[in-house]
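Take a look at the structure set out below.
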Amino acid sequence: MTIDLLHRHVRQLSECRRCHTAGFPVAGVPVSPVRAQDIPALLSCKARILIVGQAPGRTEASGTQPFIGAAGRTLFNWFASAGIDEADLRSSALISAVTRCYPGPSATGRGDRLPTRVESTLCRPWLEDERKLLRPSLIIPIGQMAIRVMTGRKVLSDLIGTTLVVDGIACIPLPHPSGASSWIYGPGNRDRLSAALKHIGKWWGSQIAGSGTPD
Ligand code: SF4
């Protein structure tokens, strides 16, 4: 059963130390994409969402939940502006990431270290497993790294505000909500973000809110 496979996935992910073994300066433990107690509700949703972030921040390094720090507050404020409540979204989405362990601070002291391509490759099987287990109806990659991994494309201003189809699945990219990201301040980018949130809100209204209680 998928529920057992997802429980096993979460347990095995929590034990992963591939990047530590390979010598990368990651800290903390892998952040679970879903709390074990939320798995039955997640799998009972008619339409499921796969959110893909970049990597946990310092606040998430204890491994409890993704997006519980400042960037998460910005992200869930964005979703709230699209009419989507944080608790509702967390119970309908698996919140994955390109890498799952806190990469540590950047050498410049501004923001966190970007995971390397090697770390991304080491972590990729977890993401692939989640995509197979969840069978999402919508993918929301967040930030340039996740967008590149999920779509093969990377120019944010061409992508934010559009709905793509990736391997037959709708995909609505968002910029990274971190304060370290300056993309939002570029010309026209707030409008692009608003358009993306409108697409997500419309999808949510038709697939989740408009479909009654998920069975
Ligand atoms: S980042 Fe991913 S592959 Fe690397 S140790 Fe953490 S869970 Fe494992």
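Lettering and numbering for the structure tokens are positional, with chains as A, B, ... in the shown order, residues counted from 1 in each chain, and ligands counted from 1 in the shown order.
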
All alpha helix (DSSP H) positions in region 11-184 of chain A, as number ranges by chain:
A: 11-14, 18-21, 39-44, 70-81, 86-92, 117-134, 144-151, 156-159

Give me, as a list of chain:residue names, the residues of chain A that a backbone DSSP run labels strand (DSSP E).
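The residues of chain A classed as strand (DSSP E) are A:Ile49, A:Leu50, A:Ile51, A:Val52, A:Gly53, A:Ala93, A:Leu94, A:Ile95, A:Ser96, A:Ala97, A:Leu138, A:Ile139, A:Ile140, A:Pro141, A:Leu164, A:Val165, A:Val166, A:Ile169, A:Ala170, A:Cys171.
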
What does the file look like for those residues with all heavy atoms, as a compact mmCIF listing (two decimals), in the first residue's frame?
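New file result-v8.txt:
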# COMPACT_ATOMS: atom_id res chain seq x y z
N ILE A 49 -0.55 17.94 -4.27
CA ILE A 49 0.43 18.92 -4.72
C ILE A 49 1.82 18.49 -4.26
O ILE A 49 2.00 18.10 -3.10
CB ILE A 49 0.11 20.32 -4.14
CG1 ILE A 49 -1.31 20.74 -4.55
CG2 ILE A 49 1.13 21.34 -4.58
CD1 ILE A 49 -1.78 22.01 -3.86
N LEU A 50 2.77 18.60 -5.15
CA LEU A 50 4.17 18.39 -4.79
C LEU A 50 4.86 19.75 -4.83
O LEU A 50 4.99 20.35 -5.91
CB LEU A 50 4.86 17.43 -5.76
CG LEU A 50 6.35 17.18 -5.53
CD1 LEU A 50 6.59 16.51 -4.17
CD2 LEU A 50 6.93 16.31 -6.64
N ILE A 51 5.23 20.26 -3.66
CA ILE A 51 5.99 21.51 -3.57
C ILE A 51 7.46 21.12 -3.47
O ILE A 51 7.82 20.21 -2.72
CB ILE A 51 5.55 22.32 -2.34
CG1 ILE A 51 4.10 22.78 -2.50
CG2 ILE A 51 6.48 23.52 -2.11
CD1 ILE A 51 3.52 23.49 -1.28
N VAL A 52 8.31 21.80 -4.24
CA VAL A 52 9.74 21.46 -4.21
C VAL A 52 10.53 22.73 -3.91
O VAL A 52 10.59 23.65 -4.73
CB VAL A 52 10.21 20.86 -5.55
CG1 VAL A 52 11.67 20.43 -5.45
CG2 VAL A 52 9.33 19.67 -5.94
N GLY A 53 11.09 22.78 -2.72
CA GLY A 53 11.94 23.92 -2.34
C GLY A 53 13.39 23.65 -2.70
O GLY A 53 13.71 22.68 -3.40
N ALA A 93 -0.37 18.76 0.49
CA ALA A 93 0.89 18.84 -0.26
C ALA A 93 2.00 18.06 0.44
O ALA A 93 2.05 17.98 1.67
CB ALA A 93 1.32 20.30 -0.40
N LEU A 94 2.86 17.53 -0.37
CA LEU A 94 4.10 16.97 0.13
C LEU A 94 5.16 18.04 -0.15
O LEU A 94 5.29 18.49 -1.29
CB LEU A 94 4.40 15.67 -0.60
CG LEU A 94 5.38 14.73 0.06
CD1 LEU A 94 5.04 13.30 -0.32
CD2 LEU A 94 6.77 15.07 -0.35
N ILE A 95 5.84 18.48 0.90
CA ILE A 95 6.77 19.61 0.73
C ILE A 95 8.19 19.08 0.69
O ILE A 95 8.84 18.85 1.71
CB ILE A 95 6.57 20.67 1.83
CG1 ILE A 95 5.09 21.09 1.88
CG2 ILE A 95 7.45 21.88 1.54
CD1 ILE A 95 4.77 22.18 2.90
N SER A 96 8.62 18.87 -0.53
CA SER A 96 9.90 18.25 -0.80
C SER A 96 10.96 19.35 -1.03
O SER A 96 10.68 20.54 -0.86
CB SER A 96 9.71 17.37 -2.04
OG SER A 96 10.87 16.68 -2.33
N ALA A 97 12.13 18.95 -1.44
CA ALA A 97 13.19 19.92 -1.72
C ALA A 97 14.27 19.26 -2.56
O ALA A 97 14.34 18.02 -2.64
CB ALA A 97 13.80 20.45 -0.42
N LEU A 138 -0.35 18.66 -9.32
CA LEU A 138 0.29 19.97 -9.49
C LEU A 138 1.66 19.95 -8.82
O LEU A 138 1.79 19.46 -7.69
CB LEU A 138 -0.57 21.07 -8.85
CG LEU A 138 0.03 22.49 -8.85
CD1 LEU A 138 0.18 23.02 -10.27
CD2 LEU A 138 -0.83 23.44 -8.02
N ILE A 139 2.64 20.49 -9.53
CA ILE A 139 3.98 20.65 -8.96
C ILE A 139 4.26 22.14 -8.83
O ILE A 139 4.02 22.91 -9.77
CB ILE A 139 5.05 19.98 -9.85
CG1 ILE A 139 4.81 18.47 -9.93
CG2 ILE A 139 6.45 20.26 -9.32
CD1 ILE A 139 5.75 17.74 -10.89
N ILE A 140 4.74 22.55 -7.65
CA ILE A 140 5.12 23.95 -7.46
C ILE A 140 6.60 23.98 -7.07
O ILE A 140 6.95 23.76 -5.90
CB ILE A 140 4.27 24.63 -6.35
CG1 ILE A 140 2.78 24.50 -6.66
CG2 ILE A 140 4.67 26.10 -6.20
CD1 ILE A 140 1.87 25.06 -5.56
N PRO A 141 7.48 24.21 -8.04
CA PRO A 141 8.90 24.35 -7.69
C PRO A 141 9.16 25.78 -7.22
O PRO A 141 8.65 26.74 -7.82
CB PRO A 141 9.63 24.05 -9.00
CG PRO A 141 8.65 24.31 -10.09
CD PRO A 141 7.27 24.28 -9.49
N LEU A 164 3.24 25.54 -16.72
CA LEU A 164 3.91 24.60 -17.62
C LEU A 164 3.27 23.23 -17.46
O LEU A 164 2.53 22.97 -16.50
CB LEU A 164 5.40 24.50 -17.27
CG LEU A 164 6.17 25.82 -17.10
CD1 LEU A 164 7.55 25.54 -16.51
CD2 LEU A 164 6.30 26.51 -18.43
N VAL A 165 3.57 22.36 -18.38
CA VAL A 165 3.19 20.95 -18.22
C VAL A 165 4.49 20.16 -18.28
O VAL A 165 5.22 20.21 -19.27
CB VAL A 165 2.22 20.49 -19.32
CG1 VAL A 165 1.90 19.01 -19.14
CG2 VAL A 165 0.93 21.31 -19.25
N VAL A 166 4.78 19.45 -17.19
CA VAL A 166 6.02 18.69 -17.10
C VAL A 166 5.66 17.22 -16.91
O VAL A 166 5.04 16.85 -15.90
CB VAL A 166 6.88 19.19 -15.91
CG1 VAL A 166 8.13 18.33 -15.76
CG2 VAL A 166 7.25 20.65 -16.08
N ILE A 169 2.15 16.75 -16.02
CA ILE A 169 1.66 17.31 -14.75
C ILE A 169 1.77 18.84 -14.81
O ILE A 169 2.79 19.38 -15.23
CB ILE A 169 2.50 16.79 -13.56
CG1 ILE A 169 2.48 15.26 -13.53
CG2 ILE A 169 1.99 17.36 -12.24
CD1 ILE A 169 3.48 14.66 -12.57
N ALA A 170 0.70 19.54 -14.38
CA ALA A 170 0.75 21.00 -14.34
C ALA A 170 1.84 21.44 -13.37
O ALA A 170 2.05 20.84 -12.31
CB ALA A 170 -0.60 21.55 -13.88
N CYS A 171 2.54 22.51 -13.75
CA CYS A 171 3.68 22.98 -12.95
C CYS A 171 3.64 24.51 -12.92
O CYS A 171 3.68 25.15 -13.98
CB CYS A 171 4.97 22.46 -13.57
SG CYS A 171 6.47 23.07 -12.79

Just want the residues within 6 Å of ligand 1, written as a list in words, counting only C-alpha atoms and all ligand atoms.
Leu13, Cys16, Arg17, Arg18, Cys19, His20, Pro30, Thr99, Arg100, Cys101, Glu119, Leu122 and Cys123 of chain A

Considering only C-alpha atoms, state which residue in the set A:Ile142, A:Gly161, A:Lys198, A:Val155 is at the smallest distance from His176 (chain A).
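Of the candidates, the smallest distance to His176 (chain A) is held by A:Ile142.
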
What's around region 200-205 of chain A at 10 Å? Count only C-alpha atoms, leave out sequence neighbours fewer than 4 positions away in its own chain, and write the answer as a short mmCIF file (atom, residue, chain, number, x, y, z; two decimals) with C-alpha atoms, in the first residue's frame.
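Below is the file part-v6.cif, written as the result:
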data_model
loop_
_atom_site.label_atom_id
_atom_site.label_comp_id
_atom_site.auth_asym_id
_atom_site.auth_seq_id
_atom_site.Cartn_x
_atom_site.Cartn_y
_atom_site.Cartn_z
CA ALA A 47 -5.71 16.24 -6.07
CA ILE A 49 0.43 18.92 -4.72
CA PHE A 79 -0.46 31.41 -0.62
CA ALA A 80 -2.88 33.17 1.75
CA SER A 81 -3.14 36.00 -0.79
CA ALA A 82 -4.29 33.32 -3.26
CA GLY A 83 -6.97 32.15 -0.81
CA ILE A 84 -5.04 29.10 0.43
CA LEU A 89 -2.08 23.39 2.01
CA SER A 137 -1.70 16.79 -9.98
CA LEU A 138 0.29 19.97 -9.49
CA ILE A 140 5.12 23.95 -7.46
CA GLY A 161 3.46 33.61 -13.99
CA THR A 163 1.68 27.26 -16.09
CA ALA A 170 0.75 21.00 -14.34
CA CYS A 171 3.68 22.98 -12.95
CA ILE A 172 3.45 26.53 -11.60
CA PRO A 173 6.85 27.88 -10.52
CA LEU A 174 7.34 30.46 -7.78
CA SER A 194 0.90 37.82 -8.62
CA ALA A 195 0.05 36.02 -11.87
CA ALA A 196 1.60 32.80 -10.57
CA ALA A 209 -11.83 23.87 -2.58
CA GLY A 210 -14.38 23.31 -5.36
CA SER A 211 -14.30 19.53 -5.13
#

Enter the distance from CA of Asp158 (chain A) to CA of Val98 (chain A), in Å, rounded to one decimal.
21.1 Å

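Nearest-residue note for Ile184 (chain A): choosing from A:Met150, A:Asp167, A:Gly143, A:Ile68, the minimum distance belongs to A:Gly143, counting only C-alpha atoms.
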
Please provide the set of residues having any atom within 8 Å of Ala27 (chain A), restricted to only C-alpha atoms, with same-chain residues fewer than 4 positions apart removed, written as a PyMOL selection string.
chain A and resi 61+101-104

Export of the given selection (C-alpha atoms) as a PDB file, in the first residue's frame:
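Saved file out-v5.pdb follows:
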ATOM      1  CA  ALA A  61      17.581  21.897  10.591  1.00  0.00           C
ATOM      2  CA  CYS A 101      19.693  18.791   5.045  1.00  0.00           C
ATOM      3  CA  TYR A 102      20.658  22.293   6.101  1.00  0.00           C
ATOM      4  CA  PRO A 103      23.622  23.190   3.867  1.00  0.00           C
ATOM      5  CA  GLY A 104      25.070  25.682   6.372  1.00  0.00           C
TER       6      GLY A 104
END
